[in-house]
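Here is the file my_file-v8.txt (compact mmCIF, C-alpha atoms).
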```txt
# COMPACT_ATOMS: atom_id res chain seq x y z
CA MET A 1 8.95 -7.62 15.29
CA LYS A 2 11.27 -4.94 13.92
CA TYR A 3 10.47 -1.24 13.74
CA ARG A 4 11.44 1.58 11.41
CA LYS A 5 11.10 5.34 11.36
CA LEU A 6 8.19 6.69 9.35
CA GLY A 7 9.77 9.55 7.42
CA ARG A 8 10.57 12.43 9.75
CA THR A 9 7.48 11.92 11.92
CA GLY A 10 9.31 10.40 14.86
CA LEU A 11 6.96 7.42 14.74
CA ASP A 12 8.38 3.91 14.92
CA VAL A 13 6.18 1.65 12.79
CA SER A 14 6.41 -2.11 12.57
CA ALA A 15 8.29 -3.19 9.45
CA ILE A 16 5.24 -5.29 8.62
CA CYS A 17 1.94 -3.42 8.38
CA LEU A 18 -1.43 -5.13 8.54
CA GLY A 19 -3.40 -4.44 5.38
CA THR A 20 -7.15 -4.71 5.86
CA MET A 21 -8.82 -4.38 2.47
CA THR A 22 -10.38 -7.86 2.72
CA PHE A 23 -12.33 -7.01 5.89
CA GLY A 24 -16.02 -6.83 5.05
CA ARG A 25 -15.80 -8.69 1.73
CA GLN A 26 -13.50 -11.72 1.80
CA ASN A 27 -13.31 -11.65 5.59
CA THR A 28 -16.11 -11.24 8.12
CA GLU A 29 -15.98 -8.79 11.01
CA ALA A 30 -15.07 -11.62 13.39
CA GLU A 31 -12.23 -12.74 11.09
CA GLY A 32 -10.98 -9.17 10.81
CA HIS A 33 -10.95 -8.86 14.60
CA GLU A 34 -9.05 -12.15 14.85
CA GLN A 35 -6.44 -10.91 12.39
CA MET A 36 -5.96 -7.65 14.30
CA ASP A 37 -5.69 -9.52 17.61
CA TYR A 38 -3.03 -11.82 16.22
CA ALA A 39 -1.06 -9.06 14.48
CA VAL A 40 -0.90 -6.91 17.61
CA GLY A 41 0.14 -9.96 19.60
CA GLN A 42 3.08 -10.40 17.21
CA GLY A 43 4.22 -6.80 17.66
CA VAL A 44 2.53 -5.26 14.62
CA ASN A 45 1.62 -1.68 15.57
CA PHE A 46 0.71 -0.37 12.11
CA PHE A 47 -2.66 -0.86 10.35
CA ASP A 48 -3.52 0.41 6.87
CA THR A 49 -7.01 0.93 5.49
CA ALA A 50 -8.96 3.30 3.22
CA GLU A 51 -12.44 4.71 2.80
CA LEU A 52 -12.61 2.70 -0.47
CA TYR A 53 -12.20 -0.66 1.28
CA PRO A 54 -13.21 -3.47 1.15
CA THR A 55 -12.23 -4.41 -2.38
CA VAL A 56 -12.30 -7.50 -4.61
CA PRO A 57 -14.65 -6.43 -5.90
CA VAL A 58 -15.21 -2.77 -5.11
CA SER A 59 -18.81 -1.62 -4.86
CA VAL A 60 -20.65 1.51 -3.82
CA GLU A 61 -22.54 -0.43 -1.16
CA THR A 62 -19.43 -1.56 0.73
CA ILE A 63 -17.43 1.69 0.80
CA GLY A 64 -16.28 2.36 4.35
CA GLY A 65 -17.00 -1.18 5.51
CA THR A 66 -13.42 -2.00 6.44
CA GLU A 67 -13.03 1.16 8.50
CA THR A 68 -16.23 0.23 10.36
CA ILE A 69 -14.81 -3.17 11.28
CA ILE A 70 -11.60 -1.60 12.56
CA GLY A 71 -13.70 0.86 14.54
CA THR A 72 -15.65 -1.90 16.28
CA TRP A 73 -12.35 -3.61 17.14
CA PHE A 74 -11.05 -0.41 18.73
CA ALA A 75 -14.29 -0.05 20.67
CA LYS A 76 -14.14 -3.64 21.97
CA ARG A 77 -10.42 -3.94 22.64
CA GLY A 78 -9.57 -0.40 23.76
CA LYS A 79 -6.26 -0.54 21.89
CA ARG A 80 -6.43 2.64 19.84
CA ASP A 81 -3.26 4.10 21.38
CA ASP A 82 -1.37 0.86 20.66
CA VAL A 83 -1.89 1.19 16.90
CA ILE A 84 -0.49 3.63 14.35
CA LEU A 85 -3.48 3.95 12.05
CA ALA A 86 -3.28 4.86 8.37
CA THR A 87 -6.25 5.45 6.10
CA LYS A 88 -6.88 7.18 2.77
CA VAL A 89 -9.22 9.57 1.02
CA LEU A 90 -10.24 8.29 -2.41
CA GLY A 91 -9.13 10.25 -5.44
CA PRO A 92 -10.09 9.67 -9.09
CA GLY A 93 -8.31 6.36 -9.60
CA GLY A 94 -11.15 4.75 -11.51
CA PHE A 95 -12.75 1.76 -9.81
CA GLY A 96 -15.63 0.90 -12.11
CA PRO A 97 -18.77 1.77 -10.15
CA VAL A 98 -16.82 3.80 -7.60
CA ASP A 99 -14.98 6.38 -9.69
CA GLY A 100 -13.67 8.89 -7.21
CA ALA A 101 -14.32 12.59 -7.62
CA ASP A 102 -11.27 14.85 -7.79
CA LEU A 103 -9.54 15.53 -4.53
CA SER A 104 -10.47 18.96 -3.19
CA PRO A 105 -10.35 20.64 0.21
CA GLU A 106 -14.05 19.94 0.68
CA LYS A 107 -13.73 16.26 -0.21
CA VAL A 108 -10.67 15.75 1.97
CA ARG A 109 -12.41 17.23 5.02
CA ARG A 110 -15.68 15.40 4.43
CA SER A 111 -13.94 12.05 3.91
CA CYS A 112 -11.67 12.53 6.90
CA GLU A 113 -14.57 13.26 9.23
CA ARG A 114 -16.52 10.25 7.94
CA SER A 115 -13.49 8.02 8.41
CA LEU A 116 -13.05 9.26 11.97
CA GLN A 117 -16.65 8.37 12.71
CA ARG A 118 -16.41 4.88 11.20
CA LEU A 119 -13.08 4.19 12.89
CA GLN A 120 -14.44 5.38 16.26
CA THR A 121 -11.38 7.52 16.89
CA ASP A 122 -10.55 11.19 17.32
CA TYR A 123 -7.43 11.14 15.16
CA ILE A 124 -5.77 9.46 12.20
CA ASP A 125 -2.03 8.93 12.49
CA LEU A 126 -1.34 8.89 8.74
CA TYR A 127 -3.88 10.29 6.28
CA GLN A 128 -3.04 9.43 2.68
CA LEU A 129 -4.25 10.73 -0.68
CA HIS A 130 -5.43 7.69 -2.64
CA TRP A 131 -4.63 8.60 -6.30
CA PRO A 132 -3.73 12.04 -7.71
CA ASN A 133 -6.21 14.10 -9.72
CA ARG A 134 -4.10 14.34 -12.86
CA GLY A 135 -3.74 10.60 -13.46
CA THR A 136 -0.99 8.12 -12.74
CA TYR A 137 0.94 5.20 -14.17
CA HIS A 138 0.02 2.71 -11.46
CA PHE A 139 -2.02 -0.49 -11.86
CA ARG A 140 -0.60 -1.23 -15.31
CA GLN A 141 -1.41 2.23 -16.63
CA ASN A 142 2.33 2.69 -17.29
CA TRP A 143 1.78 1.09 -20.71
CA SER A 144 -0.37 4.03 -21.83
CA TYR A 145 0.82 6.83 -19.53
CA GLU A 146 0.84 10.28 -21.20
CA PRO A 147 1.99 12.94 -18.70
CA GLU A 148 2.49 15.42 -21.53
CA LYS A 149 -1.28 15.77 -21.60
CA HIS A 150 -1.47 16.87 -17.96
CA ASP A 151 -2.19 20.49 -17.11
CA LYS A 152 0.79 21.42 -14.96
CA GLN A 153 -0.73 24.53 -13.39
CA LYS A 154 -3.95 22.73 -12.50
CA ALA A 155 -1.92 19.93 -10.95
CA LEU A 156 0.03 22.41 -8.83
CA ASP A 157 -3.13 24.28 -7.83
CA ASP A 158 -4.76 20.99 -6.79
CA ILE A 159 -1.76 19.99 -4.71
CA GLU A 160 -1.64 23.35 -2.97
CA ALA A 161 -5.36 23.39 -2.20
CA VAL A 162 -5.43 19.87 -0.80
CA LEU A 163 -2.20 20.29 1.16
CA GLY A 164 -3.57 23.44 2.76
CA GLU A 165 -6.66 21.55 3.95
CA LEU A 166 -4.52 18.73 5.29
CA GLY A 167 -2.62 21.38 7.23
CA ALA A 168 -5.88 22.59 8.75
CA LEU A 169 -6.81 19.03 9.77
CA VAL A 170 -3.41 18.61 11.40
CA ASP A 171 -3.83 21.90 13.27
CA GLU A 172 -7.21 20.65 14.54
CA GLY A 173 -5.70 17.38 15.76
CA LYS A 174 -7.80 15.21 13.47
CA VAL A 175 -4.77 14.12 11.44
CA ARG A 176 -1.22 13.76 12.73
CA HIS A 177 0.79 13.10 9.57
CA VAL A 178 0.14 12.90 5.83
CA GLY A 179 1.16 10.62 3.01
CA LEU A 180 0.52 9.78 -0.64
CA SER A 181 -0.57 6.67 -2.51
CA ASN A 182 -0.24 5.78 -6.21
CA GLU A 183 1.74 8.97 -6.74
CA THR A 184 4.63 9.73 -9.06
CA VAL A 185 8.11 11.04 -8.36
CA TRP A 186 7.23 14.47 -9.75
CA GLY A 187 4.03 14.64 -7.73
CA THR A 188 5.78 13.67 -4.51
CA ALA A 189 8.49 16.25 -5.13
CA GLN A 190 5.88 18.97 -5.60
CA TYR A 191 4.13 18.09 -2.34
CA LEU A 192 7.47 18.26 -0.56
CA ARG A 193 8.39 21.59 -2.15
CA ILE A 194 5.05 23.29 -1.49
CA ALA A 195 4.89 21.98 2.08
CA GLY A 196 8.35 23.40 2.73
CA GLU A 197 7.49 26.78 1.23
CA ARG A 198 4.18 27.13 3.09
CA ASN A 199 5.13 25.42 6.35
CA TRP A 200 2.41 22.82 5.79
CA PRO A 201 2.56 19.11 6.74
CA ARG A 202 5.46 17.28 5.17
CA ILE A 203 4.84 14.08 3.23
CA ALA A 204 5.97 11.20 5.43
CA SER A 205 5.43 8.28 3.09
CA VAL A 206 4.20 7.06 -0.25
CA GLN A 207 2.14 3.89 -0.56
CA ASN A 208 2.83 2.33 -3.95
CA GLU A 209 2.93 -1.17 -5.33
CA TYR A 210 6.20 -3.05 -4.88
CA SER A 211 7.11 -6.70 -5.30
CA LEU A 212 9.55 -8.99 -7.08
CA LEU A 213 7.31 -8.59 -10.13
CA HIS A 214 6.90 -4.82 -9.90
CA ARG A 215 10.07 -2.86 -9.18
CA ILE A 216 9.57 0.45 -10.96
CA PHE A 217 10.25 2.15 -7.61
CA ASP A 218 13.91 1.12 -7.70
CA THR A 219 15.38 4.07 -9.60
CA ASP A 220 14.17 7.70 -9.43
CA TYR A 221 11.69 7.07 -6.62
CA ALA A 222 14.35 5.29 -4.57
CA GLU A 223 16.63 8.31 -4.94
CA LEU A 224 13.90 10.75 -3.90
CA CYS A 225 12.94 8.67 -0.87
CA HIS A 226 16.54 8.32 0.25
CA HIS A 227 17.40 12.01 0.08
CA GLU A 228 14.06 13.31 1.35
CA ASP A 229 13.32 10.73 4.09
CA VAL A 230 10.05 9.60 2.53
CA GLY A 231 9.44 5.93 3.26
CA LEU A 232 7.76 3.46 0.93
CA LEU A 233 4.75 1.59 2.25
CA ALA A 234 4.68 -1.30 -0.19
CA PHE A 235 1.33 -2.77 -1.12
CA SER A 236 0.90 -6.10 -2.94
CA PRO A 237 4.34 -7.48 -1.96
CA LEU A 238 3.02 -10.90 -3.02
CA ALA A 239 1.48 -9.51 -6.24
CA ALA A 240 -2.04 -10.31 -5.02
CA GLY A 241 -0.94 -13.72 -3.78
CA ILE A 242 0.79 -14.90 -6.96
CA LEU A 243 4.22 -15.02 -5.32
CA SER A 244 2.96 -17.26 -2.52
CA GLY A 245 2.74 -20.08 -5.04
CA LYS A 246 -0.89 -20.82 -4.24
CA TYR A 247 -1.91 -20.45 -7.90
CA ARG A 248 0.90 -22.66 -9.18
CA HIS A 249 0.03 -25.28 -11.79
CA GLY A 250 -3.35 -23.71 -12.46
CA VAL A 251 -4.76 -24.15 -8.97
CA VAL A 252 -7.35 -21.49 -8.03
CA PRO A 253 -8.50 -21.98 -4.41
CA ARG A 254 -12.17 -21.35 -3.69
CA GLY A 255 -12.72 -17.83 -2.36
CA SER A 256 -9.24 -16.66 -3.40
CA ARG A 257 -8.72 -13.35 -5.12
CA MET A 258 -8.07 -15.03 -8.47
CA SER A 259 -11.45 -16.75 -8.22
CA ILE A 260 -12.97 -13.25 -8.20
CA GLN A 261 -10.45 -11.36 -10.39
CA PRO A 262 -8.98 -13.85 -12.90
CA ASN A 263 -6.13 -11.57 -14.03
CA LEU A 264 -5.56 -10.06 -10.55
CA SER A 265 -5.73 -6.45 -11.77
CA GLY A 266 -3.37 -7.16 -14.65
CA ARG A 267 -0.79 -9.00 -12.56
CA PHE A 268 -1.43 -12.47 -13.99
CA SER A 269 -0.89 -12.71 -17.74
CA GLU A 270 1.13 -14.40 -20.44
CA HIS A 271 3.90 -11.87 -19.75
CA SER A 272 4.10 -12.44 -15.99
CA ARG A 273 3.67 -16.21 -15.81
CA PRO A 274 7.29 -17.09 -16.79
CA ALA A 275 8.65 -14.62 -14.22
CA ILE A 276 6.32 -15.94 -11.52
CA GLU A 277 7.51 -19.49 -12.07
CA ALA A 278 11.16 -18.37 -12.13
CA TYR A 279 10.84 -16.71 -8.71
CA LEU A 280 9.02 -19.74 -7.30
CA ARG A 281 11.89 -21.92 -8.51
CA VAL A 282 14.34 -19.68 -6.63
CA ALA A 283 12.36 -20.37 -3.44
CA ASP A 284 12.32 -24.10 -4.26
CA LYS A 285 16.08 -24.13 -4.82
CA HIS A 286 16.82 -22.56 -1.44
CA ASP A 287 14.07 -24.42 0.46
CA LEU A 288 12.26 -21.18 1.31
CA ASP A 289 8.59 -20.45 1.69
CA PRO A 290 7.94 -18.36 -1.45
CA ALA A 291 5.72 -15.83 0.32
CA GLN A 292 8.32 -15.28 3.02
CA MET A 293 11.07 -14.94 0.42
CA ALA A 294 9.10 -12.26 -1.45
CA ILE A 295 8.30 -10.31 1.73
CA ALA A 296 11.87 -10.60 3.02
CA PHE A 297 13.15 -9.25 -0.27
CA ALA A 298 10.84 -6.24 -0.03
CA LEU A 299 11.92 -5.68 3.58
CA SER A 300 15.56 -5.65 2.47
CA ARG A 301 15.13 -2.59 0.27
CA PRO A 302 16.77 0.52 1.79
CA PHE A 303 13.80 2.80 1.03
CA MET A 304 11.25 0.53 2.71
CA ALA A 305 9.42 1.92 5.73
CA SER A 306 6.91 -0.94 6.02
CA VAL A 307 5.59 -3.80 3.92
CA ILE A 308 1.80 -4.09 3.88
CA ILE A 309 0.54 -7.65 4.06
CA GLY A 310 -3.02 -8.87 3.63
CA ALA A 311 -4.54 -12.27 4.21
CA THR A 312 -7.86 -14.02 4.00
CA LYS A 313 -6.82 -16.96 6.18
CA MET A 314 -5.03 -17.01 9.52
CA GLU A 315 -2.35 -19.42 8.33
CA GLN A 316 -1.47 -16.95 5.55
CA LEU A 317 -1.22 -14.13 8.07
CA LYS A 318 1.03 -16.17 10.37
CA THR A 319 3.31 -17.11 7.49
CA ASP A 320 3.57 -13.55 6.25
CA ILE A 321 4.31 -11.99 9.64
CA ALA A 322 6.96 -14.63 10.32
CA ALA A 323 8.88 -13.33 7.27
CA ILE A 324 10.22 -10.61 9.57
CA ASP A 325 12.75 -13.14 10.89
CA LEU A 326 13.98 -14.35 7.49
CA GLU A 327 17.38 -13.10 6.33
CA LEU A 328 18.06 -13.91 2.69
CA SER A 329 21.51 -15.14 1.77
CA GLY A 330 23.75 -13.62 -0.86
CA GLU A 331 23.06 -16.61 -3.06
CA VAL A 332 19.31 -15.95 -2.90
CA PHE A 333 19.82 -12.30 -3.81
CA ASP A 334 22.02 -13.35 -6.74
CA ASP A 335 19.34 -15.71 -8.03
CA ILE A 336 16.65 -13.04 -7.62
CA LEU A 337 18.79 -10.59 -9.58
CA ALA A 338 19.25 -13.13 -12.37
CA VAL A 339 15.47 -13.51 -12.70
CA PHE A 340 15.01 -9.74 -12.54
CA ARG A 341 17.46 -9.24 -15.39
CA ARG A 342 15.44 -11.67 -17.52
CA TYR A 343 12.04 -10.25 -16.58
CA PRO A 344 12.48 -6.60 -15.52
CA LEU A 345 8.89 -5.52 -16.17
CA PRO A 346 6.69 -8.59 -16.51
CA MET A 347 3.35 -7.00 -15.73
```
Structure re-expressed in structure tokens:
Amino acid sequence: MKYRKLGRTGLDVSAICLGTMTFGRQNTEAEGHEQMDYAVGQGVNFFDTAELYPTVPVSVETIGGTETIIGTWFAKRGKRDDVILATKVLGPGGFGPVDGADLSPEKVRRSCERSLQRLQTDYIDLYQLHWPNRGTYHFRQNWSYEPEKHDKQKALDDIEAVLGELGALVDEGKVRHVGLSNETVWGTAQYLRIAGERNWPRIASVQNEYSLLHRIFDTDYAELCHHEDVGLLAFSPLAAGILSGKYRHGVVPRGSRMSIQPNLSGRFSEHSRPAIEAYLRVADKHDLDPAQMAIAFALSRPFMASVIIGATKMEQLKTDIAAIDLELSGEVFDDILAVFRRYPLPM
């Protein structure tokens, strides 16, 4: 395994992070424990979860289920100090039956304390804000994004109030570091500015979607992360499994995410299908496993702190973690760039 600095925290996190959102829905508790055992055995020291999980689909009844499974693993294995643990408080992202209330100091504290209880731990290494109050362009909302309708002062007031409460949780030892998820460049910059002015916890990372099919992070966000030492924690590096090739030629494996979400949260459509096939052909040409090629590409990005992988089967997990040892050639990067130029925003 390889390790990278998480922002300015001083923490060294594994370049591959174990994502857990399938635990409690697509994976049983025993399967989740098996995945965590294997990942730790391969040098993975970074787990990511959220109070919202499990997903696919999300439901009110299952909220917190993934954290509970991680908590029972900690209790049985006694490995809490071996893992850098990240979780999230749910903001108003809009999840059908689980629309989150606005983030507020009260909600952040209440959710944090519930997560601590489910996770059977006294502290969270990285506590992330899962969606901003004002709205965002993530999950295909970029096609209708209207930031001119946002109330700037309310947005700033919300950021200040929540950041102040996060500071209190850090002072109490319940949280060690803080991060964002599904945020924008402007939002991240405001958190950094206000934290600096008030001597509150500095944003260490941002967890946003990133893959060969979704590279809107590559410009302004890349610049911000480089200059401000804010690492990207990339979720969906395989675009919900599309880039593994398992759905090629119309195949939909039983129990797979596509069998539950046919369009994979807007990732699989008439616009994306030509790009998907083009990237799979690059892997074919260079005799590469397509999932490993996609993960290795994400790992190559200079702003990447860690790539979050998720799996429903152990063979998928083993393949994905093994991508840490894959170095892509210049010819592969050239072919990826050629596809990117043809399909810069396919979903």
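Around range 13-28 of chain A, within 6 Å and counting only C-alpha atoms, the residues found are Lys2, Tyr3, Arg4, Gly32, Val44, Asn45, Phe46, Phe47, Asp48, Thr49, Tyr53, Pro54, Thr55, Gly65, Thr66, Ser306, Val307, Ile308, Ile309 and Gly310 of chain A, once anything fewer than 4 positions away on its own chain is removed.
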So which one's closest to Asp125 in chain A, A:Thr9, A:Gln141, A:Gln316, A:Ser111? Using all atoms listed in the file, please. A:Thr9
Pairwise distance for CA of Glu34 in chain A and CA of Glu61 in chain A, rounded to one decimal in Å: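 Separation of CA of Glu34 in chain A and CA of Glu61 in chain A: 24.0 Å.
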How many Å separate CA of Ser181 in chain A from CA of Glu270 in chain A? 27.7 Å
Could you check how far CA of Ala305 in chain A sits from CA of Lys5 in chain A, in Å to one decimal?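 Atom-to-atom, CA of Ala305 in chain A to CA of Lys5 in chain A, that is 6.8 Å.
By only C-alpha atoms, and with residues fewer than 3 positions from Ala338 in chain A along its chain excluded, the set lying at most 12 Å from it is Leu212, Ala275, Ala278, Tyr279, Val282, Glu331, Val332, Phe333, Asp334, Asp335, Arg341, Arg342, Tyr343 and Pro344 of chain A.
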Write out as a PyMOL selection string each polymer residue whose atoms come within 9 Å of Glu223 in chain A, counting only C-alpha atoms; drop sequence neighbours fewer than 5 positions from it. chain A and resi 218+228+303
Closest of A:Ala101, A:Met258, A:Leu213, A:Leu238 to Val56 in chain A - atom-to-atom distances counting only C-alpha atoms: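 Nearest to Val56 in chain A: A:Met258.
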Near range 88-99 of chain A, within 10 Å and counting all atoms listed in the file, which residues show up once chain neighbours fewer than 5 positions away are dropped, as an mmCIF file with C-alpha atoms, keeping the file's coordinate frame?
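The result, written out as around.cif:
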```cif
data_model
loop_
_atom_site.group_PDB
_atom_site.id
_atom_site.type_symbol
_atom_site.label_atom_id
_atom_site.label_comp_id
_atom_site.auth_asym_id
_atom_site.auth_seq_id
_atom_site.Cartn_x
_atom_site.Cartn_y
_atom_site.Cartn_z
ATOM 1 C CA ASP A 48 -3.520 0.410 6.870
ATOM 2 C CA THR A 49 -7.010 0.930 5.490
ATOM 3 C CA ALA A 50 -8.960 3.300 3.220
ATOM 4 C CA GLU A 51 -12.440 4.710 2.800
ATOM 5 C CA LEU A 52 -12.610 2.700 -0.470
ATOM 6 C CA TYR A 53 -12.200 -0.660 1.280
ATOM 7 C CA THR A 55 -12.230 -4.410 -2.380
ATOM 8 C CA PRO A 57 -14.650 -6.430 -5.900
ATOM 9 C CA VAL A 58 -15.210 -2.770 -5.110
ATOM 10 C CA SER A 59 -18.810 -1.620 -4.860
ATOM 11 C CA VAL A 60 -20.650 1.510 -3.820
ATOM 12 C CA GLU A 61 -22.540 -0.430 -1.160
ATOM 13 C CA ILE A 63 -17.430 1.690 0.800
ATOM 14 C CA SER A 104 -10.470 18.960 -3.190
ATOM 15 C CA LYS A 107 -13.730 16.260 -0.210
ATOM 16 C CA VAL A 108 -10.670 15.750 1.970
ATOM 17 C CA ARG A 109 -12.410 17.230 5.020
ATOM 18 C CA ARG A 110 -15.680 15.400 4.430
ATOM 19 C CA SER A 111 -13.940 12.050 3.910
ATOM 20 C CA CYS A 112 -11.670 12.530 6.900
ATOM 21 C CA SER A 115 -13.490 8.020 8.410
ATOM 22 C CA ILE A 124 -5.770 9.460 12.200
ATOM 23 C CA LEU A 126 -1.340 8.890 8.740
ATOM 24 C CA TYR A 127 -3.880 10.290 6.280
ATOM 25 C CA GLN A 128 -3.040 9.430 2.680
ATOM 26 C CA LEU A 129 -4.250 10.730 -0.680
ATOM 27 C CA HIS A 130 -5.430 7.690 -2.640
ATOM 28 C CA TRP A 131 -4.630 8.600 -6.300
ATOM 29 C CA PRO A 132 -3.730 12.040 -7.710
ATOM 30 C CA ASN A 133 -6.210 14.100 -9.720
ATOM 31 C CA ARG A 134 -4.100 14.340 -12.860
ATOM 32 C CA GLY A 135 -3.740 10.600 -13.460
ATOM 33 C CA THR A 136 -0.990 8.120 -12.740
ATOM 34 C CA HIS A 138 0.020 2.710 -11.460
ATOM 35 C CA PHE A 139 -2.020 -0.490 -11.860
ATOM 36 C CA VAL A 178 0.140 12.900 5.830
ATOM 37 C CA GLY A 179 1.160 10.620 3.010
ATOM 38 C CA LEU A 180 0.520 9.780 -0.640
ATOM 39 C CA SER A 181 -0.570 6.670 -2.510
ATOM 40 C CA ASN A 182 -0.240 5.780 -6.210
#
```
Closest of A:Ala239, A:Leu233, A:Ala168, A:Val40 to Met347 in chain A - atom-to-atom distances counting only C-alpha atoms: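 Looking at the shortest contact to Met347 in chain A, the residue is A:Ala239.
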